[in-house]
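**Q** The structure's right below; bear with me while I get my questions together.
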Amino acid sequence: EQPEYSSWVEIYHRYGQDLPFTDWAACLGTTQDAFDPVANLEKKLGRKLPERQEIWAEQAQKSLNRAMQQPVLPGVLDVLNRADQLGLVLAVASSSDRSWVMRHLERLDLARRFQCIYTKDEVSPVKPDPGLYLAAVQHLGVQPTEALAFEDSPNGIRAAKAAGMICVAAPNPLSIKLDLSQADFFIPSFAAQPLDDILNRANKLLENNHHC
């Protein structure tokens, strides 16, 4: 999200306008239909922009150039390696389109780590609807209550909870500014806690829920 947002901010500044993060955050974890940055810019300027398509194309290229430089986030490989050791099955459930998801998973050599990958090309509607998560757990052959979701946006957290899953908020540098309180618990990053500790916390929550 950082490359996506920063490239829009740069374009807005060229037109003498600001794009507050709180405005743009509406589309975090769901489709960009939730917020149209060009329409918003036109509203601020009080005029239509004939170069609409050029703006979208420029932003997409800027964002992609920046995203392609991003490494795997700290701690992610440790979590994936430990999940392999424990024999856990893994899935990706993303509101983005498949080409975008696969481009980055393959670039980082992560695609092979997941038993299934569901995107907006396979499942509609996307988050906050639970459909993506329900499709993923069904493919993995587990019940939602046996699965753990890692999420970095309020829309994603709502989707995971609506699917009946325990949800861990693991924000990125942008989404840490948002209200992630609907998650069952919070980790500041994947490097902050070993996977075993996260699983223990989740299992305790499940036990407490069964006693209620």
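Letters for chains follow the order of the structure tokens (A, B, ...), residue numbers begin at 1 for each chain, and ligand numbers begin at 1 in the order shown.
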Using only C-alpha atoms, which protein or nucleic acid residues come within 6 Å of range 135-149 of chain A? Drop anything in the same chain fewer than 4 positions from it, and give the result as a ChimeraX atom specification.

**A** /A:164-167

**Q** So that I have them on file, write out the residues from the current selection with all heavy atoms, as a PDB file, in the first residue's frame.

**A**
ATOM      1  N   GLY A 164     -15.826 -16.362  10.539  1.00  0.00           N
ATOM      2  CA  GLY A 164     -15.770 -17.191  11.742  1.00  0.00           C
ATOM      3  C   GLY A 164     -14.363 -17.567  12.168  1.00  0.00           C
ATOM      4  O   GLY A 164     -14.162 -18.529  12.908  1.00  0.00           O
ATOM      5  N   MET A 165     -13.373 -16.797  11.707  1.00  0.00           N
ATOM      6  CA  MET A 165     -11.977 -17.104  12.006  1.00  0.00           C
ATOM      7  C   MET A 165     -11.429 -16.231  13.133  1.00  0.00           C
ATOM      8  O   MET A 165     -11.934 -15.134  13.368  1.00  0.00           O
ATOM      9  CB  MET A 165     -11.123 -16.871  10.746  1.00  0.00           C
ATOM     10  CG  MET A 165     -11.561 -17.688   9.557  1.00  0.00           C
ATOM     11  SD  MET A 165     -10.840 -17.081   8.004  1.00  0.00           S
ATOM     12  CE  MET A 165      -9.162 -17.656   8.192  1.00  0.00           C
ATOM     13  N   ILE A 166     -10.396 -16.738  13.794  1.00  0.00           N
ATOM     14  CA  ILE A 166      -9.621 -15.878  14.685  1.00  0.00           C
ATOM     15  C   ILE A 166      -8.716 -15.032  13.801  1.00  0.00           C
ATOM     16  O   ILE A 166      -8.118 -15.531  12.849  1.00  0.00           O
ATOM     17  CB  ILE A 166      -8.808 -16.710  15.690  1.00  0.00           C
ATOM     18  CG1 ILE A 166      -9.758 -17.222  16.783  1.00  0.00           C
ATOM     19  CG2 ILE A 166      -7.674 -15.901  16.300  1.00  0.00           C
ATOM     20  CD1 ILE A 166      -9.088 -17.944  17.906  1.00  0.00           C
ATOM     21  N   CYS A 167      -8.642 -13.749  14.099  1.00  0.00           N
ATOM     22  CA  CYS A 167      -7.906 -12.822  13.237  1.00  0.00           C
ATOM     23  C   CYS A 167      -6.828 -12.076  14.028  1.00  0.00           C
ATOM     24  O   CYS A 167      -7.111 -11.512  15.088  1.00  0.00           O
ATOM     25  CB  CYS A 167      -8.868 -11.819  12.601  1.00  0.00           C
ATOM     26  SG  CYS A 167      -8.037 -10.703  11.456  1.00  0.00           S
TER      27      CYS A 167
END

**Q** Find the residues near range 57-66 of chain A: any atom within 8 Å, counting only C-alpha atoms, skip ones fewer than 4 places away on the same chain, and give them as a ChimeraX atom specification.

**A** /A:3-4,6-8,11,53,70

**Q** As a list in words, please: the residues near Ser189 in chain A (cut-off 10 Å, only C-alpha atoms, same-chain neighbours under 3 positions excluded).

**A**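 These residues fall inside the cut-off: Leu73, Pro74, Gly75, Val76, Asp152, Ala169, Ala170, Pro171, Asn172, Pro173, Ile176, Phe186, Ala192 and Gln193 of chain A.
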
**Q** Identify all residues of range 2-199 of chain A in strand (DSSP E or B) (DSSP on the backbone) and supply them as a list in words.

**A**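 Everything in range 2-199 of chain A that counts as strand (DSSP E or B) is Ala91, Val92, Ala93, Cys116, Ile117, Tyr118, Leu148, Ala149, Phe150, Glu151, Ile166, Cys167, Val168, Ala169, Phe185 and Phe186 of chain A.
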
**Q** Export, as a short mmCIF file (atom, residue, chain, number, x, y, z; two decimals), in the first residue's frame, the selected residues with N, CA, C and O atoms.

**A**
data_model
loop_
_atom_site.label_atom_id
_atom_site.label_comp_id
_atom_site.auth_asym_id
_atom_site.auth_seq_id
_atom_site.Cartn_x
_atom_site.Cartn_y
_atom_site.Cartn_z
N ALA A 91 -2.82 -20.40 2.84
CA ALA A 91 -3.55 -19.85 1.70
C ALA A 91 -3.37 -18.34 1.68
O ALA A 91 -3.05 -17.72 2.70
N VAL A 92 -3.58 -17.76 0.50
CA VAL A 92 -3.67 -16.30 0.35
C VAL A 92 -5.10 -15.97 -0.02
O VAL A 92 -5.68 -16.62 -0.92
N ALA A 93 -5.69 -14.99 0.65
CA ALA A 93 -7.04 -14.50 0.32
C ALA A 93 -6.92 -12.99 0.16
O ALA A 93 -6.81 -12.26 1.15
N CYS A 116 -3.20 -22.67 -1.82
CA CYS A 116 -4.15 -22.03 -2.73
C CYS A 116 -4.05 -20.52 -2.60
O CYS A 116 -3.63 -20.01 -1.56
N ILE A 117 -4.42 -19.84 -3.67
CA ILE A 117 -4.38 -18.37 -3.72
C ILE A 117 -5.69 -17.90 -4.33
O ILE A 117 -6.00 -18.20 -5.48
N TYR A 118 -6.50 -17.20 -3.52
CA TYR A 118 -7.78 -16.67 -4.00
C TYR A 118 -7.70 -15.15 -4.07
O TYR A 118 -7.20 -14.49 -3.15
N LEU A 148 -6.41 -19.49 11.08
CA LEU A 148 -5.98 -18.21 11.62
C LEU A 148 -5.75 -17.25 10.46
O LEU A 148 -5.08 -17.59 9.49
N ALA A 149 -6.34 -16.06 10.55
CA ALA A 149 -6.16 -15.05 9.49
C ALA A 149 -5.22 -13.96 9.98
O ALA A 149 -5.35 -13.47 11.11
N PHE A 150 -4.25 -13.59 9.13
CA PHE A 150 -3.41 -12.42 9.39
C PHE A 150 -3.91 -11.30 8.50
O PHE A 150 -4.00 -11.48 7.28
N GLU A 151 -4.22 -10.16 9.10
CA GLU A 151 -4.81 -9.06 8.34
C GLU A 151 -4.14 -7.74 8.67
O GLU A 151 -3.67 -7.53 9.79
N ILE A 166 -10.40 -16.74 13.79
CA ILE A 166 -9.62 -15.88 14.68
C ILE A 166 -8.72 -15.03 13.80
O ILE A 166 -8.12 -15.53 12.85
N CYS A 167 -8.64 -13.75 14.10
CA CYS A 167 -7.91 -12.82 13.24
C CYS A 167 -6.83 -12.08 14.03
O CYS A 167 -7.11 -11.51 15.09
N VAL A 168 -5.62 -12.11 13.49
CA VAL A 168 -4.49 -11.38 14.07
C VAL A 168 -4.21 -10.16 13.21
O VAL A 168 -4.02 -10.29 12.00
N ALA A 169 -4.21 -8.99 13.82
CA ALA A 169 -3.85 -7.77 13.09
C ALA A 169 -2.33 -7.69 13.02
O ALA A 169 -1.65 -7.70 14.04
N PHE A 185 -6.37 -10.15 18.33
CA PHE A 185 -5.21 -9.54 18.97
C PHE A 185 -4.29 -8.94 17.90
O PHE A 185 -4.53 -9.11 16.71
N PHE A 186 -3.26 -8.24 18.38
CA PHE A 186 -2.44 -7.37 17.52
C PHE A 186 -0.98 -7.75 17.68
O PHE A 186 -0.51 -7.97 18.79
#

**Q** Rank A:Glu54, A:Gly131, A:Lys120, A:Ala83 by their smallest atom-to-atom distance to Asp97 in chain A, using only C-alpha atoms, and report the top residue only.

**A**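 So, comparing all the options, the nearest one is A:Lys120.
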
**Q** Choose the residue, out of A:Glu51, A:Ala183, A:Pro20, A:Trp100, that has the smallest atom-to-atom separation from Ala202 in chain A; count only C-alpha atoms.

**A**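 Between A:Glu51, A:Ala183, A:Pro20, A:Trp100, the residue approaching Ala202 in chain A most closely is A:Ala183.
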
**Q** Using DSSP on the backbone coordinates, identify all residues within range 17-199 of chain A classified as helix (DSSP H, G or I); present the result as number ranges by chain.

**A** A: 21-27, 32-34, 37-45, 52-67, 76-86, 98-107, 111-113, 131-140, 144-146, 154-162, 175-177, 195-199

**Q** From the list A:Glu207, A:Asp179, A:Glu10, A:Asp196, which residue is nearest Thr22 in chain A when using only C-alpha atoms?

**A**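 Going through A:Glu207, A:Asp179, A:Glu10, A:Asp196 one by one, the smallest distance to Thr22 in chain A is for A:Asp179.
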
**Q** Find, counting only C-alpha atoms, the residue in A:Asn200, A:Gln115, A:Ser175, A:Ser95 that gets nearest to Glu1 in chain A.

**A**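 Once distances to Glu1 in chain A are computed over only C-alpha atoms, the minimum belongs to A:Ser175.
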
**Q** Name the residues in contact with Ala111 in chain A at a cut-off of 8 Å, using only C-alpha atoms, excluding same-chain residues fewer than 5 positions from it; report them as a VMD selection string.

**A** chain A and resid 102 105 to 106

**Q** For CA of Ala39 in chain A and CA of Leu180 in chain A, quote the distance in Å rounded to one decimal.

**A** 27.5 Å

**Q** Of the residues A:Ser181, A:Thr119, A:Asn40, A:Asn155, which is the one nearest to Ser99 in chain A, using only C-alpha atoms?

**A** A:Thr119

**Q** Report, in Å with one decimal, the straight-line distance from CA of Pro130 in chain A to CA of Ile157 in chain A.

**A**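 CA of Pro130 in chain A sits 9.6 Å away from CA of Ile157 in chain A.
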